[in-house]
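Trainee: For reference, the file my_file-v8.csv (CSV, C-alpha atoms and all ligand atoms) is included below:
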chain,number,residue,atom,x,y,z
A,1,MET,CA,85.3,99.8,103.1
A,2,ASP,CA,86.2,96.7,105.3
A,3,PHE,CA,86.5,93.3,103.7
A,4,ASN,CA,83.7,90.9,104.7
A,5,LEU,CA,84.2,87.2,105.1
A,6,SER,CA,83.0,86.2,101.6
A,7,GLU,CA,85.3,88.7,100.0
A,8,ILE,CA,88.2,87.3,102.0
A,9,SER,CA,87.5,83.8,100.8
A,10,GLN,CA,87.0,84.9,97.2
A,11,LYS,CA,90.2,86.9,97.5
A,12,ALA,CA,92.1,83.7,98.5
A,13,GLU,CA,91.1,82.1,95.2
A,14,LYS,CA,92.0,85.1,93.0
A,15,GLN,CA,95.2,85.7,91.3
A,16,GLU,CA,97.3,88.5,92.9
A,17,LYS,CA,99.3,91.0,90.8
A,18,HIS,CA,101.7,93.7,92.0
A,19,VAL,CA,101.6,96.9,89.9
A,20,LYS,CA,103.3,100.3,90.3
A,21,VAL,CA,100.3,102.3,89.1
A,22,LEU,CA,96.7,101.0,89.3
A,23,ILE,CA,94.1,103.2,87.6
A,24,ILE,CA,90.4,102.6,88.5
A,25,GLY,CA,88.2,103.8,85.6
A,26,SER,CA,88.6,103.9,81.8
A,27,GLY,CA,87.0,107.3,81.0
A,28,PRO,CA,89.0,110.2,79.6
A,29,ALA,CA,90.6,110.8,83.0
A,30,GLY,CA,91.7,107.2,83.5
A,31,LEU,CA,92.9,106.6,80.0
A,32,THR,CA,94.9,109.8,79.9
A,33,ALA,CA,96.5,109.0,83.3
A,34,ALA,CA,97.3,105.6,81.7
A,35,LEU,CA,99.0,107.3,78.7
A,36,TYR,CA,101.2,109.5,80.9
A,37,ALA,CA,102.1,106.7,83.3
A,38,ALA,CA,102.8,104.3,80.4
A,39,ARG,CA,105.1,106.9,78.8
A,40,ALA,CA,106.9,107.1,82.1
A,41,GLU,CA,107.5,103.3,81.6
A,42,LEU,CA,105.4,102.3,84.7
A,43,LYS,CA,103.2,99.8,82.9
A,44,PRO,CA,100.0,101.0,84.5
A,45,VAL,CA,97.0,98.7,84.7
A,46,VAL,CA,93.6,100.2,84.1
A,47,LEU,CA,90.4,98.6,85.4
A,48,THR,CA,87.7,99.5,82.9
A,49,GLY,CA,84.6,99.0,85.0
A,50,ILE,CA,81.4,98.4,83.1
A,51,GLU,CA,81.7,101.5,80.9
A,52,LEU,CA,84.8,101.3,78.7
A,53,GLY,CA,85.6,104.8,77.6
A,54,GLY,CA,83.4,106.4,80.3
A,55,GLN,CA,80.4,108.6,80.0
A,56,VAL,CA,81.6,110.2,76.7
A,57,SER,CA,81.2,106.8,74.9
A,58,LEU,CA,77.4,107.3,75.4
A,59,THR,CA,77.3,110.3,73.1
A,60,ASP,CA,77.1,110.3,69.4
A,61,LYS,CA,79.4,113.2,68.7
A,62,VAL,CA,81.8,115.3,70.7
A,63,GLU,CA,82.5,118.7,69.2
A,64,ASN,CA,84.5,120.4,72.0
A,65,TYR,CA,87.5,118.2,72.4
A,66,PRO,CA,90.4,120.0,70.8
A,67,GLY,CA,92.2,118.4,67.8
A,68,PHE,CA,89.0,117.3,66.0
A,69,PRO,CA,87.7,120.3,64.0
A,70,GLU,CA,84.9,118.2,62.6
A,71,GLY,CA,84.0,116.6,65.9
A,72,VAL,CA,84.5,112.9,66.8
A,73,GLY,CA,82.2,110.1,67.8
A,74,GLY,CA,82.1,109.6,71.6
A,75,GLN,CA,82.8,105.9,71.4
A,76,GLU,CA,85.5,106.5,68.8
A,77,LEU,CA,87.2,109.1,71.1
A,78,GLY,CA,87.3,106.5,73.9
A,79,GLU,CA,88.8,103.9,71.6
A,80,LEU,CA,91.5,106.4,70.5
A,81,PHE,CA,92.3,107.2,74.1
A,82,GLN,CA,92.6,103.5,74.8
A,83,LYS,CA,94.7,102.7,71.7
A,84,GLN,CA,97.2,105.6,72.5
A,85,ALA,CA,97.7,104.4,76.1
A,86,GLU,CA,98.1,100.8,75.0
A,87,ARG,CA,100.7,101.8,72.4
A,88,PHE,CA,103.0,102.9,75.3
A,89,GLY,CA,102.4,99.8,77.3
A,90,ALA,CA,99.3,100.5,79.4
A,91,VAL,CA,97.4,97.3,80.2
A,92,ILE,CA,93.6,97.5,80.0
A,93,GLU,CA,91.8,95.0,82.2
A,94,PHE,CA,88.1,94.4,81.7
A,95,ASP,CA,87.5,94.2,85.4
A,96,THR,CA,85.7,96.2,88.2
A,97,ALA,CA,87.1,97.1,91.6
A,98,THR,CA,84.8,95.8,94.3
A,99,SER,CA,86.7,96.9,97.5
A,100,VAL,CA,89.9,98.7,98.4
A,101,ASP,CA,92.2,98.8,101.4
A,102,LEU,CA,94.3,101.9,101.4
A,103,ARG,CA,95.4,101.7,105.0
A,104,SER,CA,98.4,99.5,104.4
A,105,ARG,CA,101.0,99.5,101.6
A,106,PRO,CA,101.1,98.4,98.9
A,107,PHE,CA,97.4,99.3,98.6
A,108,THR,CA,95.0,96.4,98.1
A,109,ILE,CA,92.4,96.6,95.4
A,110,VAL,CA,90.1,93.7,95.0
A,111,ALA,CA,88.6,93.4,91.6
A,112,GLU,CA,86.2,90.8,90.3
A,113,ASN,CA,88.9,88.7,88.7
A,114,THR,CA,92.2,89.7,90.4
A,115,VAL,CA,93.6,91.2,93.6
A,116,TYR,CA,95.9,94.0,92.9
A,117,LYS,CA,98.7,95.2,95.2
A,118,ALA,CA,99.5,98.8,94.0
A,119,ASP,CA,102.3,101.2,94.9
A,120,THR,CA,100.1,104.1,93.7
A,121,LEU,CA,96.5,104.4,92.9
A,122,ILE,CA,94.7,106.8,90.6
A,123,ILE,CA,91.0,107.0,91.2
A,124,SER,CA,89.1,108.0,88.1
A,125,THR,CA,85.7,106.4,88.6
A,126,GLY,CA,83.8,109.4,87.3
A,127,ALA,CA,80.3,110.4,88.1
A,128,THR,CA,76.9,109.4,87.0
A,129,PRO,CA,74.2,111.9,86.1
A,130,VAL,CA,70.9,111.0,87.9
A,131,HIS,CA,68.5,109.7,85.3
A,132,LEU,CA,64.8,110.2,85.1
A,133,VAL,CA,64.2,106.5,84.6
A,134,VAL,CA,61.3,107.1,82.2
A,135,PRO,CA,60.5,105.3,78.9
A,136,GLY,CA,62.6,106.7,76.0
A,137,GLU,CA,65.4,108.2,78.1
A,138,SER,CA,68.1,105.6,77.6
A,139,GLU,CA,67.1,104.9,73.9
A,140,LEU,CA,67.4,108.6,73.1
A,141,THR,CA,70.4,109.6,75.1
A,142,GLY,CA,72.8,111.3,72.7
A,143,ARG,CA,69.9,111.8,70.3
A,144,GLY,CA,68.2,114.7,72.0
A,145,VAL,CA,68.5,113.6,75.6
A,146,SER,CA,71.4,115.3,77.3
A,147,TYR,CA,72.9,115.8,80.7
A,148,CYS,CA,75.3,118.6,79.7
A,149,ALA,CA,74.4,121.9,78.1
A,150,THR,CA,78.0,123.0,77.6
A,151,CYS,CA,78.5,119.8,75.6
A,152,ASP,CA,75.3,119.7,73.6
A,153,GLY,CA,73.6,123.1,73.6
A,154,TRP,CA,75.1,124.0,70.3
A,155,PHE,CA,73.1,121.2,68.6
A,156,PHE,CA,69.9,123.0,69.5
A,157,LYS,CA,70.3,126.3,67.7
A,158,ASP,CA,66.8,127.9,67.3
A,159,LYS,CA,65.1,124.8,68.7
A,160,ASP,CA,62.6,124.4,71.5
A,161,VAL,CA,64.1,122.4,74.4
A,162,ILE,CA,63.1,121.2,77.8
A,163,VAL,CA,65.1,121.4,81.0
A,164,VAL,CA,64.2,119.1,83.9
A,165,GLY,CA,65.1,120.1,87.4
A,166,GLY,CA,64.8,123.0,89.9
A,167,GLY,CA,68.2,123.4,91.4
A,168,ASP,CA,71.2,125.6,90.7
A,169,THR,CA,72.5,123.3,87.9
A,170,ALA,CA,69.1,123.3,86.1
A,171,LEU,CA,68.9,127.1,86.1
A,172,GLU,CA,72.6,127.6,85.2
A,173,GLU,CA,72.4,125.2,82.3
A,174,GLY,CA,69.0,126.6,81.3
A,175,LEU,CA,70.4,130.1,81.2
A,176,PHE,CA,73.4,128.8,79.2
A,177,LEU,CA,71.0,127.2,76.7
A,178,THR,CA,69.4,130.7,75.9
A,179,ARG,CA,72.5,131.3,73.8
A,180,TYR,CA,71.3,128.7,71.3
A,181,ALA,CA,67.7,127.5,71.8
A,182,LYS,CA,64.6,129.4,70.7
A,183,SER,CA,62.8,128.5,74.0
A,184,ILE,CA,63.6,126.7,77.2
A,185,THR,CA,60.8,125.1,79.2
A,186,VAL,CA,61.8,124.2,82.7
A,187,ILE,CA,59.8,121.3,84.1
A,188,HIS,CA,59.8,121.1,87.8
A,189,ARG,CA,58.0,118.7,90.1
A,190,ARG,CA,57.5,121.4,92.8
A,191,ALA,CA,55.9,124.8,92.9
A,192,THR,CA,59.2,126.5,94.0
A,193,LEU,CA,62.8,126.2,93.0
A,194,ARG,CA,65.7,125.0,95.1
A,195,ALA,CA,68.1,127.2,93.1
A,196,GLY,CA,69.8,130.3,94.7
A,197,ALA,CA,68.0,133.6,94.6
A,198,VAL,CA,70.3,135.3,92.1
A,199,LEU,CA,69.9,132.5,89.6
A,200,GLN,CA,66.1,132.5,90.1
A,201,LYS,CA,66.0,136.2,89.4
A,202,ARG,CA,68.0,135.8,86.2
A,203,ALA,CA,65.9,132.9,85.0
A,204,PHE,CA,62.6,134.6,85.7
A,205,SER,CA,63.7,137.7,83.8
A,206,GLU,CA,64.9,135.7,80.8
A,207,PRO,CA,62.2,135.9,78.1
A,208,LYS,CA,63.3,132.6,76.5
A,209,ILE,CA,62.7,130.6,79.7
A,210,LYS,CA,59.3,129.6,80.9
A,211,PHE,CA,58.3,127.2,83.8
A,212,VAL,CA,55.9,124.4,84.1
A,213,TRP,CA,55.3,123.7,87.8
A,214,ASN,CA,54.2,120.7,89.9
A,215,THR,CA,54.8,118.5,86.9
A,216,LEU,CA,56.5,115.2,86.3
A,217,LEU,CA,58.1,114.2,83.0
A,218,THR,CA,56.8,110.6,82.4
A,219,GLY,CA,58.2,109.7,79.0
A,220,ILE,CA,60.4,110.9,76.1
A,221,LEU,CA,59.0,110.3,72.7
A,222,GLY,CA,60.7,110.0,69.3
A,223,LYS,CA,61.8,107.3,66.9
A,224,ASP,CA,65.5,108.2,66.1
A,225,LYS,CA,65.6,111.5,67.9
A,226,VAL,CA,63.6,113.3,70.5
A,227,GLU,CA,60.3,114.7,69.2
A,228,ALA,CA,58.2,115.3,72.3
A,229,VAL,CA,57.9,114.6,76.0
A,230,ARG,CA,54.9,113.3,78.0
A,231,VAL,CA,54.2,115.1,81.3
A,232,ARG,CA,51.7,114.6,84.2
A,233,HIS,CA,50.5,117.4,86.4
A,234,ILE,CA,50.9,116.2,90.0
A,235,ASP,CA,47.7,117.8,91.5
A,236,THR,CA,45.3,117.2,88.6
A,237,GLY,CA,46.8,114.0,87.1
A,238,GLN,CA,46.2,115.6,83.7
A,239,GLU,CA,48.6,114.3,81.0
A,240,GLN,CA,49.9,116.2,78.1
A,241,GLU,CA,52.5,115.9,75.3
A,242,ILE,CA,54.9,118.8,74.7
A,243,PRO,CA,56.8,118.8,71.4
A,244,THR,CA,60.5,119.4,71.8
A,245,ALA,CA,63.8,118.7,70.1
A,246,GLY,CA,65.8,118.2,73.3
A,247,VAL,CA,65.6,117.2,76.9
A,248,PHE,CA,68.3,118.4,79.3
A,249,VAL,CA,68.1,116.5,82.6
A,250,PHE,CA,69.6,118.2,85.6
A,251,ILE,CA,68.3,116.4,88.7
A,252,GLY,CA,71.6,115.5,90.3
A,253,HIS,CA,75.0,114.1,89.7
A,254,ASN,CA,76.5,111.2,91.7
A,255,PRO,CA,80.3,110.9,92.0
A,256,ASN,CA,81.2,107.2,92.0
A,257,THR,CA,82.9,107.2,95.4
A,258,GLN,CA,81.0,104.5,97.4
A,259,LEU,CA,84.1,102.2,97.1
A,260,PHE,CA,86.3,104.7,98.9
A,261,GLN,CA,84.0,105.6,101.8
A,262,GLY,CA,86.0,105.6,105.1
A,263,GLN,CA,89.3,105.3,103.2
A,264,VAL,CA,89.9,108.7,101.6
A,265,GLU,CA,88.3,112.1,102.4
A,266,ILE,CA,85.1,112.7,100.6
A,267,ASP,CA,83.3,116.1,100.7
A,268,GLU,CA,79.7,116.6,101.7
A,269,ARG,CA,78.5,116.3,98.1
A,270,GLY,CA,80.2,112.9,97.7
A,271,TYR,CA,83.2,114.1,95.6
A,272,LEU,CA,86.7,113.0,96.5
A,273,LYS,CA,88.6,115.9,98.2
A,274,THR,CA,91.6,117.0,96.1
A,275,GLY,CA,93.7,120.0,95.2
A,276,VAL,CA,95.6,121.2,92.2
A,277,ALA,CA,98.2,118.4,92.8
A,278,MET,CA,95.4,115.8,92.5
A,279,THR,CA,96.3,114.4,95.9
A,280,THR,CA,94.1,112.9,98.5
A,281,ASN,CA,94.6,112.7,102.2
A,282,VAL,CA,96.4,109.3,101.6
A,283,PRO,CA,99.8,109.8,100.1
A,284,GLY,CA,100.2,107.8,96.9
A,285,VAL,CA,96.4,107.9,96.1
A,286,PHE,CA,95.5,110.5,93.5
A,287,VAL,CA,92.3,111.7,92.0
A,288,ALA,CA,91.5,112.4,88.3
A,289,GLY,CA,88.4,113.5,86.5
A,290,GLU,CA,84.8,114.0,87.5
A,291,VAL,CA,85.0,111.9,90.7
A,292,GLY,CA,86.8,114.9,92.2
A,293,ASP,CA,85.4,117.7,90.0
A,294,PRO,CA,81.9,119.0,90.7
A,295,ILE,CA,82.5,122.1,88.5
A,296,TYR,CA,83.8,121.5,85.0
A,297,ARG,CA,82.7,117.9,84.1
A,298,GLN,CA,84.2,117.9,80.6
A,299,VAL,CA,86.2,115.4,78.6
A,300,VAL,CA,89.1,117.9,78.2
A,301,THR,CA,89.2,118.9,81.9
A,302,SER,CA,88.9,115.2,83.0
A,303,ALA,CA,91.7,114.2,80.6
A,304,GLY,CA,93.8,117.1,81.9
A,305,MET,CA,93.3,115.9,85.5
A,306,GLY,CA,94.3,112.4,84.4
A,307,ALA,CA,97.6,113.7,83.0
A,308,ALA,CA,98.2,115.7,86.2
A,309,ALA,CA,97.4,112.7,88.5
A,310,ALA,CA,99.8,110.5,86.5
A,311,MET,CA,102.6,113.1,86.7
A,312,GLN,CA,102.1,113.2,90.5
A,313,ALA,CA,102.1,109.4,90.7
A,314,VAL,CA,105.5,109.4,88.9
A,315,LYS,CA,106.9,111.9,91.3
A,316,TYR,CA,105.5,110.0,94.3
A,317,LEU,CA,107.2,106.8,93.1
A,318,GLU,CA,110.5,108.7,92.5
A,319,ALA,CA,110.3,110.2,96.1
A,320,GLN,CA,109.7,106.7,97.5
A,321,GLU,CA,112.8,105.4,95.7
A,322,GLU,CA,114.8,108.3,97.3
A,323,GLY,CA,113.4,107.4,100.7
A,324,ILE,CA,111.0,110.3,101.0
A,325,HIS,CA,107.9,108.7,102.4
A,326,ASP,CA,105.7,111.7,103.2
A,327,TYR,CA,105.6,113.1,99.6
A,328,SER,CA,102.2,114.6,99.1
A,329,GLY,CA,102.3,116.5,95.8
A,330,ALA,CA,104.7,118.7,93.9
A,331,VAL,CA,104.7,122.4,94.4
A,332,LYS,CA,106.8,124.2,91.8
A,333,ASP,CA,109.6,126.4,93.0
A,334,GLU,CA,108.7,130.1,92.8
A,335,ALA,CA,112.1,131.1,91.3
B,401,LIG,C1,75.6,111.6,77.3
B,401,LIG,C2,76.8,112.5,77.7
B,401,LIG,C3,77.4,113.3,76.7
B,401,LIG,C4,78.5,114.0,77.0
B,401,LIG,N1,79.1,114.8,76.0
B,401,LIG,C5,80.2,115.5,76.3
B,401,LIG,C6,80.8,116.3,75.3
B,401,LIG,O1,80.3,116.5,74.1
B,401,LIG,N2,81.9,117.0,75.6
B,401,LIG,C7,82.5,117.0,76.8
B,401,LIG,O2,83.5,117.6,77.1
B,401,LIG,N3,81.9,116.2,77.8
B,401,LIG,C8,80.8,115.5,77.6
B,401,LIG,N4,80.2,114.8,78.6
B,401,LIG,C9,80.9,114.7,79.9
B,401,LIG,C10,82.1,113.8,79.8
B,401,LIG,O3,81.7,112.6,79.3
B,401,LIG,C11,82.7,113.6,81.2
B,401,LIG,O4,83.1,114.8,81.7
B,401,LIG,C12,83.9,112.7,81.2
B,401,LIG,O5,83.6,111.4,80.6
B,401,LIG,C13,84.4,112.4,82.6
B,401,LIG,O6,85.5,111.6,82.5
B,401,LIG,P1,86.0,110.7,83.7
B,401,LIG,O7,87.1,109.9,83.2
B,401,LIG,O8,86.3,111.6,84.9
B,401,LIG,O9,84.8,109.8,84.2
B,401,LIG,P2,83.8,108.9,83.4
B,401,LIG,O10,83.7,109.2,81.9
B,401,LIG,O11,82.5,108.9,84.2
B,401,LIG,O12,84.4,107.4,83.5
B,401,LIG,C14,84.4,106.7,84.7
B,401,LIG,C15,85.0,105.3,84.5
B,401,LIG,O13,85.1,104.7,85.7
B,401,LIG,C16,84.7,103.3,85.6
B,401,LIG,N5,84.4,102.8,86.9
B,401,LIG,C17,83.5,103.3,87.8
B,401,LIG,N6,83.5,102.5,88.9
B,401,LIG,C18,84.4,101.6,88.7
B,401,LIG,C19,84.9,100.5,89.5
B,401,LIG,N7,84.4,100.2,90.6
B,401,LIG,N8,85.9,99.7,88.9
B,401,LIG,C20,86.4,100.0,87.7
B,401,LIG,N9,86.0,101.0,87.0
B,401,LIG,C21,85.0,101.8,87.4
B,401,LIG,C22,83.6,103.4,84.6
B,401,LIG,O14,83.4,102.1,84.0
B,401,LIG,C23,84.2,104.4,83.6
B,401,LIG,O15,85.1,103.8,82.7
B,401,LIG,C24,79.1,114.0,78.3
B,401,LIG,C25,78.5,113.2,79.3
B,401,LIG,C26,77.4,112.4,79.0
B,401,LIG,C27,76.8,111.5,80.0
How does this structure look as structure tokens?

Mentor:
Amino acid sequence: MDFNLSEISQKAEKQEKHVKVLIIGSGPAGLTAALYAARAELKPVVLTGIELGGQVSLTDKVENYPGFPEGVGGQELGELFQKQAERFGAVIEFDTATSVDLRSRPFTIVAENTVYKADTLIISTGATPVHLVVPGESELTGRGVSYCATCDGWFFKDKDVIVVGGGDTALEEGLFLTRYAKSITVIHRRATLRAGAVLQKRAFSEPKIKFVWNTLLTGILGKDKVEAVRVRHIDTGQEQEIPTAGVFVFIGHNPNTQLFQGQVEIDERGYLKTGVAMTTNVPGVFVAGEVGDPIYRQVVTSAGMGAAAAMQAVKYLEAQEEGIHDYSGAVKDEA
């Protein structure tokens, strides 16, 4: 993104800091990257953005992050990640990046309060599930409203649940939910699905799954947890309440990459392009977590990518010190 004039004048007033490793994002990926970079004594700075702890801090309980046999609160897990990174010298800044210039070195990252000059950058801005934006949704998120069947399916053993969506993800996750739920009602606003033919065939032949077509979900009801949804048939306008214990929303997933448009390669779905070495097409800029991961989208995988990205950043800085300026990711010797 190019700087505009107002940003340049704001930039002039802001304090400038030089850092070896700047990490944008304070979710599991960013805070794990911070832990690894801090343990390499690089004093990484993490820009938190508006969601300290990332998406996971929105959920009541995480039961699939190893090391917590009884589960752990989502917010608590984020705080533990932060504490551990800070213990080794990571600096957490409550600030949001507003523009970046990755064409000259050190990289320039303009945040709301400070302008950073960074020798390496780890992008871990995550992704945002598309929300229905209906009454009850935000209030009941983590209390029956979910955006991840792998994360939350287990909580709905022998319960009736709703899936919203008609694409591959909706059907894949709906099929996954058949392991636990008593019934899965897929609510779709059209009369046909966008999902691939094989998935459709599997879903149509699954006795636990039924479909409600041409229907909009207009509200989620419940006091402390989801109890029902309100729906409206698009053609007839008829409204109805359907009792349910859970609402799984799969109507899209937006990686937070707008900031990097035109600066690093982004794929057709909007994710940052990366490989096993967490590199981008810009040497010294690394990717961690959901912002580069359309597949796994878990705390543990995002944290793993954060560790890998930081290890690569360390190696990149070492290569720079040795005068190797085209370092683009370690490939282990085959020996
Ligand atoms: C309700 C819910 C429940 C979930 N439950 C589970 C679960 O039980 N188990 C599980 O494994 N996974 C779960 N997930 C998925 C898991 O939370 C994500 O896979 C994980 O958080 C992704 O980590 P991340 O660090 O890549 O990105 P995110 O968690 O998305 O974090 C992105 C970070 O980037 C920051 N950011 C964005 N833009 C900027 C900017 N411009 N400047 C500075 N910072 C910025 C944000 O503030 C945030 O801190 C759940 C997700 C949701 C939404």

Trainee: If we count all atoms listed in the file, what is near A:Ala310 at a cut-off of 8 Å, once residues fewer than 4 positions away on the same chain are taken out, given as a short mmCIF file (atom, residue, chain, number, x, y, z; two decimals) with C-alpha atoms, keeping the file's coordinate frame?

Mentor:
data_model
loop_
_atom_site.label_atom_id
_atom_site.label_comp_id
_atom_site.auth_asym_id
_atom_site.auth_seq_id
_atom_site.Cartn_x
_atom_site.Cartn_y
_atom_site.Cartn_z
CA ALA A 33 96.50 109.00 83.30
CA ALA A 34 97.30 105.60 81.70
CA TYR A 36 101.20 109.50 80.90
CA ALA A 37 102.10 106.70 83.30
CA ILE A 122 94.70 106.80 90.60
CA GLY A 306 94.30 112.40 84.40
CA VAL A 314 105.50 109.40 88.90
#

Trainee: Within 7 Å of ligand LIG 401 (chain B), which residues show up when you count all atoms listed in the file? List them as a PyMOL selection string, please.

Mentor: chain A and resi 24-30+47-56+58-59+61-65+95-98+124-129+141-142+146-148+151-152+256+259+288-291+297-300+302-303

Trainee: What gap, in Å, lies between atom CA of A:Asp267 and atom CA of A:Gly292?

Mentor: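 Atom CA of A:Gly292 lies at a distance of 9.3 Å from atom CA of A:Asp267.
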
Trainee: Please, which residues are within 12 Å of (59.0, 110.3, 73.3) by the file's coordinates, counting all atoms listed in the file, and could they come as a PDB file with C-alpha atoms, in the frame of the given file?

Mentor:
ATOM      1  CA  VAL A 134      61.300 107.100  82.200  1.00  0.00           C
ATOM      2  CA  PRO A 135      60.500 105.300  78.900  1.00  0.00           C
ATOM      3  CA  GLY A 136      62.600 106.700  76.000  1.00  0.00           C
ATOM      4  CA  GLU A 137      65.400 108.200  78.100  1.00  0.00           C
ATOM      5  CA  SER A 138      68.100 105.600  77.600  1.00  0.00           C
ATOM      6  CA  GLU A 139      67.100 104.900  73.900  1.00  0.00           C
ATOM      7  CA  LEU A 140      67.400 108.600  73.100  1.00  0.00           C
ATOM      8  CA  THR A 141      70.400 109.600  75.100  1.00  0.00           C
ATOM      9  CA  ARG A 143      69.900 111.800  70.300  1.00  0.00           C
ATOM     10  CA  GLY A 144      68.200 114.700  72.000  1.00  0.00           C
ATOM     11  CA  VAL A 145      68.500 113.600  75.600  1.00  0.00           C
ATOM     12  CA  LEU A 217      58.100 114.200  83.000  1.00  0.00           C
ATOM     13  CA  THR A 218      56.800 110.600  82.400  1.00  0.00           C
ATOM     14  CA  GLY A 219      58.200 109.700  79.000  1.00  0.00           C
ATOM     15  CA  ILE A 220      60.400 110.900  76.100  1.00  0.00           C
ATOM     16  CA  LEU A 221      59.000 110.300  72.700  1.00  0.00           C
ATOM     17  CA  GLY A 222      60.700 110.000  69.300  1.00  0.00           C
ATOM     18  CA  LYS A 223      61.800 107.300  66.900  1.00  0.00           C
ATOM     19  CA  ASP A 224      65.500 108.200  66.100  1.00  0.00           C
ATOM     20  CA  LYS A 225      65.600 111.500  67.900  1.00  0.00           C
ATOM     21  CA  VAL A 226      63.600 113.300  70.500  1.00  0.00           C
ATOM     22  CA  GLU A 227      60.300 114.700  69.200  1.00  0.00           C
ATOM     23  CA  ALA A 228      58.200 115.300  72.300  1.00  0.00           C
ATOM     24  CA  VAL A 229      57.900 114.600  76.000  1.00  0.00           C
ATOM     25  CA  ARG A 230      54.900 113.300  78.000  1.00  0.00           C
ATOM     26  CA  VAL A 231      54.200 115.100  81.300  1.00  0.00           C
ATOM     27  CA  GLN A 240      49.900 116.200  78.100  1.00  0.00           C
ATOM     28  CA  GLU A 241      52.500 115.900  75.300  1.00  0.00           C
ATOM     29  CA  ILE A 242      54.900 118.800  74.700  1.00  0.00           C
ATOM     30  CA  PRO A 243      56.800 118.800  71.400  1.00  0.00           C
ATOM     31  CA  THR A 244      60.500 119.400  71.800  1.00  0.00           C
ATOM     32  CA  ALA A 245      63.800 118.700  70.100  1.00  0.00           C
ATOM     33  CA  GLY A 246      65.800 118.200  73.300  1.00  0.00           C
ATOM     34  CA  VAL A 247      65.600 117.200  76.900  1.00  0.00           C
TER      35      VAL A 247
END

Trainee: Find the distance between atom CA of A:Gly71 and atom CA of A:Arg87 and write it in Å to one decimal.

Mentor: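 Atom CA of A:Arg87 lies 23.2 Å from atom CA of A:Gly71.
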
Trainee: Excluding stretch 183-199 of chain A and its own-chain neighbours fewer than 6 positions away, which residues fall within 7 Å of it when counting only C-alpha atoms? Please give them as a VMD selection string.

Mentor: chain A and resid 159 to 168 171 174 208 to 216

Trainee: For atom CA of A:Val46 and atom CA of A:Tyr327, quote the distance in Å rounded to one decimal.

Mentor: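 Atom CA of A:Tyr327 lies 23.5 Å from atom CA of A:Val46.
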
Trainee: Nearest to A:Glu93 among A:Thr150, A:Gln75, A:Thr114, A:Thr274, with distances taken over all atoms listed in the file: which residue is it?

Mentor: A:Thr114

Trainee: Point out the residue among A:Val45, A:Ala85, A:Val110, A:Leu102 with the least atom-to-atom distance to A:Leu22, counting only C-alpha atoms.

Mentor: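 Nearest to A:Leu22: A:Val45.
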
Trainee: For a quick check of understanding, using only C-alpha atoms, which of A:Thr236, A:Phe248, A:Gly284, A:His325 has the smallest distance to A:Leu132?

Mentor: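 Of A:Thr236, A:Phe248, A:Gly284, A:His325, the one nearest A:Leu132, counting only C-alpha atoms, is A:Phe248.
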
Trainee: Taking all atoms listed in the file into account, which of A:Leu175, A:Val285, A:Ala170, A:Ile234 comes nearest A:Ile251?

Mentor: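 Nearest candidate to A:Ile251 out of A:Leu175, A:Val285, A:Ala170, A:Ile234: A:Ala170.
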
Trainee: Could you tell me which of A:Ala319, A:Ile295, A:Val100, A:Ala90 comes closest to A:Glu172 if we count only C-alpha atoms?

Mentor: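 Ranking A:Ala319, A:Ile295, A:Val100, A:Ala90 by distance to A:Glu172, first place goes to A:Ile295.
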
Trainee: Just checking: using all atoms listed in the file, which residue out of A:Ser205, A:Thr280, A:Gln82, A:Gln200 ends up closest to A:Ala313?

Mentor: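 Using all atoms listed in the file, the shortest distance to A:Ala313 belongs to A:Thr280.
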
Trainee: Find the residues near A:Pro283: any atom within 12 Å, counting only C-alpha atoms, skip ones fewer than 5 places away on the same chain, and give them as an MDAnalysis selection string.

Mentor: chainID A and resid 102:107 119:122 263:265 274 277:278 312:313 315:317 319:320 324:330
